[in-house]
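Engineer: A single structure is presented below for examination.
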Amino acid sequence: MSGQIGDDKIEQVRDRTDIVELVSQYVDLKTSGRNRLGLCPFHAEKSPSFSVNAERQFYHCFGCGAGGDAFSFLMQSEGLSFPDAVRRLAGRAGIDLEERPLTPPERAHIEERERLYRINGLAADYFHANLMAHPQAVSARNYLKERGYGQKAAAEYRIGYALSGWSGLKDHLEQHQLAATEARILGLVREGSSGRGDYDMFRSRLMFPILDLAGRVVAFGGRVLDDGKPKYINSPESPIYHKGAVLFGLYQARQAIRVSGDVLVVEGYFDQLALNRAGFAQAVATCGTALTAEHAQQLKRYAQRVVLVFDQDRAGKQATFKAMTTLQQEGVAAAAVTLPAGDDPDSFLQRQGAEAFQVRLDRARPLMELYMEETLKEAGNGVELKVRAVEQVLGKIAALKSELEQDLYLKELSGHSGIEVARLQKKLDMIARQQRGRSRVQGSAAPISPPHPADEPGPQRSGGRQPQLPANSRKAVSRTEQTLLRLLLQSSAVRTAFIERGGVRLIHHPDVAAVMAEILQQATASGCDIESLLPGLTAPQREILSQARICDPAEFAETLDQVAGDCLRALEKQALKRRSDQLWRELIPAADEQGDVEAGDRYRAELSQLQSQIKGRPDWKM
């Protein structure tokens, strides 16, 4: 049983680990000045943008924004938890971690999870052994063979077979002294009624183990071989399994997704297997649930684009467009492959083969295009239904984060609907205001800004390109915030002035504000230990911090006070402008639309006062 790893041991492991040596096992690195460059292992690229700094023991990708230290590199590469990454690197360095004893609650929690993982692992081995050799599994072996799957596929995915008896798995677990109560938690056995005893949940079914990113079995999907109902039975949620956070096949497909840049998302286990067999190893499947935000966040780590390959029936289309909304909210590029009616990926590949599927994949269309066409098509020619359909499409366009995309789709919608772009733009602006401001009119006066062009450029040193923050954060982060974050890392004087001026309240980007708050909380007069900040930050926040750290500390050495003062003045002015924009773009029009004269007058008075303050240029000096 592992204990708690002490901070001193973590620091010792970090000091004894050469990040260049570690990363070189995964990436071919070339020397470039003080850094090493290579192709990023976390996304597909042709030109190297993955930088490793030996002096600071940090890595950063200027393409996808991934960044961190040796621990985070191993966590992202191997799907390890932070403690497991520390243990792996400690083993490489020959360091005895001397982990402190766990408290009783900590020990009980970890022991329970380890037992649950062990039970699932034993069950997977039991099912797989049945499939490979048990006489009852002849029909299952023949079924797989008829569908083109041999022992290789069965071994790669640990496919198994649940026998027809009522207690085969239960008896197998009891032989290993494992309690039935925990097998019930996992949904492997059920408690019988009227004192009949426990019985196996899965019987006469082909079994698909579902793995987490560490390769551990967390759940199962069981499929009947005939026309019996239900066709599939899936494990219930448990302490180690949340179906909205796990994708079938992702553990096996991670590297292929990084190489491809795309991830194919399908609905069924056999669809995923069929694509993998046909050479599309970048495929994953949902586990009996819609695509969730957690799924999107996971896929975003590995892929540049998500390509949905769902059925073309009504339910499949609804699932596709629901996923579009989820992917939009997470800022993930998304497209869809359209298959003939009645086909799924498995049946299409059986009938037409891999080359035909590749043609359709090459023609994958953005989800917004498909949604627009389908919504307008269903509306028909009736004026009322067509107006409603146009408004639905505009609602989706308003949710797009790229204004260029919005412009292009407005023109496309104009072509489909026959409505002038100017009229559509006016309606889009109104829908966007409603989406942003409807709830806030009822009482919130917090200065929350709407999406609009980037903040005014902040102070910038001449000579040299300004490094950018991760791609998924660029639109919302001004250069002023980037610069000030770097200054906070370098100077205790800047940190002191920032605290005195209440600078955190001026930061518009929430992740930048969170990183700054951590810096201010942990930094001392002698400096800021960046590595100690990492465990408390989210992945996007670590990427922002890694970008700030990889910059040259000497860049502002001679004019640090002046640049910091410029940043603070710029942030104050930007905060005033954001509130001003919110008032005249959202709150005042919304109050007028609702006939709320009192609120409208109050907002106009505030707007007038803000405009006077903006003209006065607040003067903050260090």
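Identifiers for the structure tokens are assigned positionally: chains receive A, B, ... in sequence, residues are indexed from 1 per chain, and ligands are indexed from 1 in the order shown.
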Taking only residues of region 202-282 of chain A that have an atom at most 9 Å from an atom of region 65-86 of chain A, what is each one's shortest atom pair and its distance in Å to one decimal, using only C-alpha atoms, in chain and number order, as JSON lines?
Structural biologist:
```
{"residue": "A:Asp212", "atom": "CA", "partner": "A:Gly79", "partner_atom": "CA", "distance": 8.5}
{"residue": "A:Leu213", "atom": "CA", "partner": "A:Gly79", "partner_atom": "CA", "distance": 5.0}
{"residue": "A:Ala214", "atom": "CA", "partner": "A:Gly79", "partner_atom": "CA", "distance": 5.3}
{"residue": "A:Gly215", "atom": "CA", "partner": "A:Gly79", "partner_atom": "CA", "distance": 8.6}
{"residue": "A:Tyr251", "atom": "CA", "partner": "A:Gly79", "partner_atom": "CA", "distance": 8.6}
```
Engineer: If you count only C-alpha atoms, which residues fall within 12 Å of Ala129 (chain A), apart from same-chain ones fewer than 2 positions away, as a list in words?
Structural biologist: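 Neighbouring residues, sequence-local ones excluded: Leu122, Ala123, Ala124, Asp125, Tyr126, Phe127, Leu131, Met132, Ala133, His134, Pro135, Gln136, Ala137, Arg141, Gln151, Ala154, Ala155, Arg158, Ile159, Gly160, Tyr161, Ala162, Leu163, Leu169 and Met207 of chain A.
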Engineer: From a DSSP pass on the backbone, collect the residues of region 24-214 of chain A flagged as strand (DSSP E) and hand them back as a PDB file with C-alpha atoms, in the first residue's frame.
Structural biologist:
```pdb
ATOM      1  CA  LYS A  30      17.228  19.096 -31.845  1.00  0.00           C
ATOM      2  CA  THR A  31      19.223  21.871 -30.181  1.00  0.00           C
ATOM      3  CA  SER A  32      17.930  25.378 -30.917  1.00  0.00           C
ATOM      4  CA  ASN A  35      16.174  25.111 -25.943  1.00  0.00           C
ATOM      5  CA  ARG A  36      15.534  21.773 -27.636  1.00  0.00           C
ATOM      6  CA  LEU A  37      12.894  21.547 -30.354  1.00  0.00           C
ATOM      7  CA  GLY A  38      10.909  18.632 -31.728  1.00  0.00           C
ATOM      8  CA  PHE A  50       7.550  21.640 -29.063  1.00  0.00           C
ATOM      9  CA  SER A  51      10.212  23.339 -26.934  1.00  0.00           C
ATOM     10  CA  VAL A  52      12.086  21.868 -23.955  1.00  0.00           C
ATOM     11  CA  ASN A  53      14.138  24.145 -21.728  1.00  0.00           C
ATOM     12  CA  PHE A  58      10.053  22.892 -18.505  1.00  0.00           C
ATOM     13  CA  TYR A  59       8.416  22.038 -21.832  1.00  0.00           C
ATOM     14  CA  HIS A  60       5.935  23.999 -23.912  1.00  0.00           C
ATOM     15  CA  CYS A  61       4.250  23.464 -27.282  1.00  0.00           C
ATOM     16  CA  GLY A  67       3.244  22.571 -21.167  1.00  0.00           C
ATOM     17  CA  GLY A  68       4.610  21.737 -17.752  1.00  0.00           C
ATOM     18  CA  GLY A 160     -14.352 -12.043 -23.467  1.00  0.00           C
ATOM     19  CA  TYR A 161     -17.458 -14.127 -23.049  1.00  0.00           C
ATOM     20  CA  ALA A 162     -19.860 -14.459 -20.104  1.00  0.00           C
ATOM     21  CA  VAL A 189     -23.288  -9.573  -9.634  1.00  0.00           C
ATOM     22  CA  ARG A 190     -26.759  -8.874  -8.328  1.00  0.00           C
ATOM     23  CA  TYR A 199     -26.099 -14.187  -9.298  1.00  0.00           C
ATOM     24  CA  ASP A 200     -24.060 -13.019 -12.293  1.00  0.00           C
ATOM     25  CA  ARG A 205     -22.861 -12.187 -23.685  1.00  0.00           C
ATOM     26  CA  LEU A 206     -19.784 -11.056 -25.559  1.00  0.00           C
ATOM     27  CA  MET A 207     -17.861  -8.881 -23.103  1.00  0.00           C
ATOM     28  CA  PHE A 208     -15.985  -5.661 -23.910  1.00  0.00           C
ATOM     29  CA  PRO A 209     -13.748  -4.351 -21.092  1.00  0.00           C
ATOM     30  CA  ILE A 210     -13.710  -0.555 -20.853  1.00  0.00           C
ATOM     31  CA  LEU A 211     -10.325   0.873 -19.837  1.00  0.00           C
TER      32      LEU A 211
END
```
Engineer: Using only C-alpha atoms, which residues sit within 12 Å of Val246 (chain A) once same-chain residues fewer than 6 positions away are excluded, as a PyMOL selection string?
Structural biologist: chain A and resi 209-220+237+240+284-299
Engineer: Separation of CA of Ile544 (chain A) and CA of Leu264 (chain A), in Å?
Structural biologist: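 We find that CA of Ile544 (chain A) and CA of Leu264 (chain A) lie 28.4 Å from each other.
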Engineer: As an exercise, work out the distance from CA of Gln282 (chain A) to CA of Val266 (chain A) in Å and give it to one decimal place.
Structural biologist: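 Between these atoms lies a distance of 10.9 Å.
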Engineer: Any idea what the distance is between CA of Arg495 (chain A) and CA of Leu610 (chain A)?
Structural biologist: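 Between these atoms lies a distance of 27.5 Å.
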Engineer: Which of region 172-218 of chain A end up as helix (DSSP H, G or I) when DSSP is run on this backbone - answer as a ChimeraX atom specification?
Structural biologist: /A:172-175,180-185
Engineer: Selection from above, C-alpha atoms, as a short mmCIF file (atom, residue, chain, number, x, y, z; two decimals), in the first residue's frame, can you write it?
Structural biologist:
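Dumped to result-v7.cif:
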```cif
data_model
loop_
_atom_site.label_atom_id
_atom_site.label_comp_id
_atom_site.auth_asym_id
_atom_site.auth_seq_id
_atom_site.Cartn_x
_atom_site.Cartn_y
_atom_site.Cartn_z
CA HIS A 172 -14.54 -17.31 -9.63
CA LEU A 173 -14.29 -14.17 -7.50
CA GLU A 174 -15.04 -16.09 -4.32
CA GLN A 175 -12.11 -18.38 -5.10
CA ALA A 180 -19.61 -10.10 -3.23
CA THR A 181 -20.58 -6.69 -1.87
CA GLU A 182 -17.89 -4.98 -3.97
CA ALA A 183 -18.77 -7.04 -7.03
CA ARG A 184 -22.31 -5.70 -6.57
CA ILE A 185 -20.96 -2.13 -6.48
#
```
Engineer: Which of these, A:Lys317, A:Leu89, A:Arg569, A:Ala44, has the shortest distance to Arg305 (chain A) once you count only C-alpha atoms?
Structural biologist: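 Closest candidate: A:Ala44.
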Engineer: Counting only C-alpha atoms, which residue out of A:Met201, A:Val337, A:Ala591, A:Leu275 sits closest to Leu349 (chain A)?
Structural biologist: A:Leu275
Engineer: Quick one: residues within 10 Å of region 323-336 of chain A, only C-alpha atoms counted, chain neighbours fewer than 2 positions away excluded, as a ChimeraX atom specification?
Structural biologist: /A:262-265,290-297,299-300,303-310,317-321,338-339,360-361,363-371,396-397,399-402,472-473
Engineer: Residues of the last selection are to be written out with C-alpha atoms, as a PDB file, in the first residue's frame.
Structural biologist:
```
ATOM      1  CA  ASP A 262      -8.350  13.749 -35.857  1.00  0.00           C
ATOM      2  CA  VAL A 263     -10.357  11.489 -33.580  1.00  0.00           C
ATOM      3  CA  LEU A 264     -13.296   9.522 -34.973  1.00  0.00           C
ATOM      4  CA  VAL A 265     -16.147   9.186 -32.476  1.00  0.00           C
ATOM      5  CA  ALA A 290     -24.205  11.124 -25.302  1.00  0.00           C
ATOM      6  CA  LEU A 291     -20.908  12.920 -25.840  1.00  0.00           C
ATOM      7  CA  THR A 292     -20.250  14.941 -22.683  1.00  0.00           C
ATOM      8  CA  ALA A 293     -18.162  17.987 -21.827  1.00  0.00           C
ATOM      9  CA  GLU A 294     -15.704  15.686 -20.044  1.00  0.00           C
ATOM     10  CA  HIS A 295     -15.381  13.606 -23.219  1.00  0.00           C
ATOM     11  CA  ALA A 296     -14.732  16.766 -25.221  1.00  0.00           C
ATOM     12  CA  GLN A 297     -12.079  17.928 -22.758  1.00  0.00           C
ATOM     13  CA  LEU A 299     -10.369  14.487 -26.758  1.00  0.00           C
ATOM     14  CA  LYS A 300      -9.107  18.063 -26.908  1.00  0.00           C
ATOM     15  CA  ALA A 303      -6.904  15.781 -31.237  1.00  0.00           C
ATOM     16  CA  GLN A 304      -7.166  18.958 -33.256  1.00  0.00           C
ATOM     17  CA  ARG A 305     -10.560  17.950 -34.648  1.00  0.00           C
ATOM     18  CA  VAL A 306     -13.376  15.642 -33.550  1.00  0.00           C
ATOM     19  CA  VAL A 307     -15.122  13.802 -36.395  1.00  0.00           C
ATOM     20  CA  LEU A 308     -18.469  12.224 -35.516  1.00  0.00           C
ATOM     21  CA  VAL A 309     -19.523   9.061 -37.365  1.00  0.00           C
ATOM     22  CA  PHE A 310     -23.019   8.457 -36.024  1.00  0.00           C
ATOM     23  CA  LYS A 317     -28.785  13.085 -36.155  1.00  0.00           C
ATOM     24  CA  GLN A 318     -30.109  14.361 -32.845  1.00  0.00           C
ATOM     25  CA  ALA A 319     -27.069  12.885 -31.089  1.00  0.00           C
ATOM     26  CA  THR A 320     -24.785  14.518 -33.663  1.00  0.00           C
ATOM     27  CA  PHE A 321     -26.224  17.991 -33.192  1.00  0.00           C
ATOM     28  CA  THR A 338     -22.177  11.161 -43.590  1.00  0.00           C
ATOM     29  CA  LEU A 339     -22.906   7.488 -44.300  1.00  0.00           C
ATOM     30  CA  ARG A 360     -16.078  10.014 -47.040  1.00  0.00           C
ATOM     31  CA  LEU A 361     -13.693  10.969 -44.246  1.00  0.00           C
ATOM     32  CA  ARG A 363     -15.235  14.912 -47.345  1.00  0.00           C
ATOM     33  CA  ALA A 364     -16.222  15.279 -43.687  1.00  0.00           C
ATOM     34  CA  ARG A 365     -18.167  18.501 -43.295  1.00  0.00           C
ATOM     35  CA  PRO A 366     -18.244  20.949 -40.398  1.00  0.00           C
ATOM     36  CA  LEU A 367     -21.115  20.216 -38.049  1.00  0.00           C
ATOM     37  CA  MET A 368     -22.480  23.741 -38.365  1.00  0.00           C
ATOM     38  CA  GLU A 369     -22.951  23.292 -42.125  1.00  0.00           C
ATOM     39  CA  LEU A 370     -24.845  20.059 -41.602  1.00  0.00           C
ATOM     40  CA  TYR A 371     -26.955  21.539 -38.813  1.00  0.00           C
ATOM     41  CA  LYS A 396     -25.818  28.148 -32.826  1.00  0.00           C
ATOM     42  CA  ILE A 397     -23.825  30.683 -34.857  1.00  0.00           C
ATOM     43  CA  ALA A 399     -22.237  30.424 -29.762  1.00  0.00           C
ATOM     44  CA  LEU A 400     -19.224  30.209 -32.093  1.00  0.00           C
ATOM     45  CA  LYS A 401     -16.093  31.750 -30.594  1.00  0.00           C
ATOM     46  CA  SER A 402     -14.596  32.855 -33.905  1.00  0.00           C
ATOM     47  CA  ASN A 472      -7.535  27.776 -26.782  1.00  0.00           C
ATOM     48  CA  SER A 473      -6.993  30.919 -24.676  1.00  0.00           C
TER      49      SER A 473
END
```
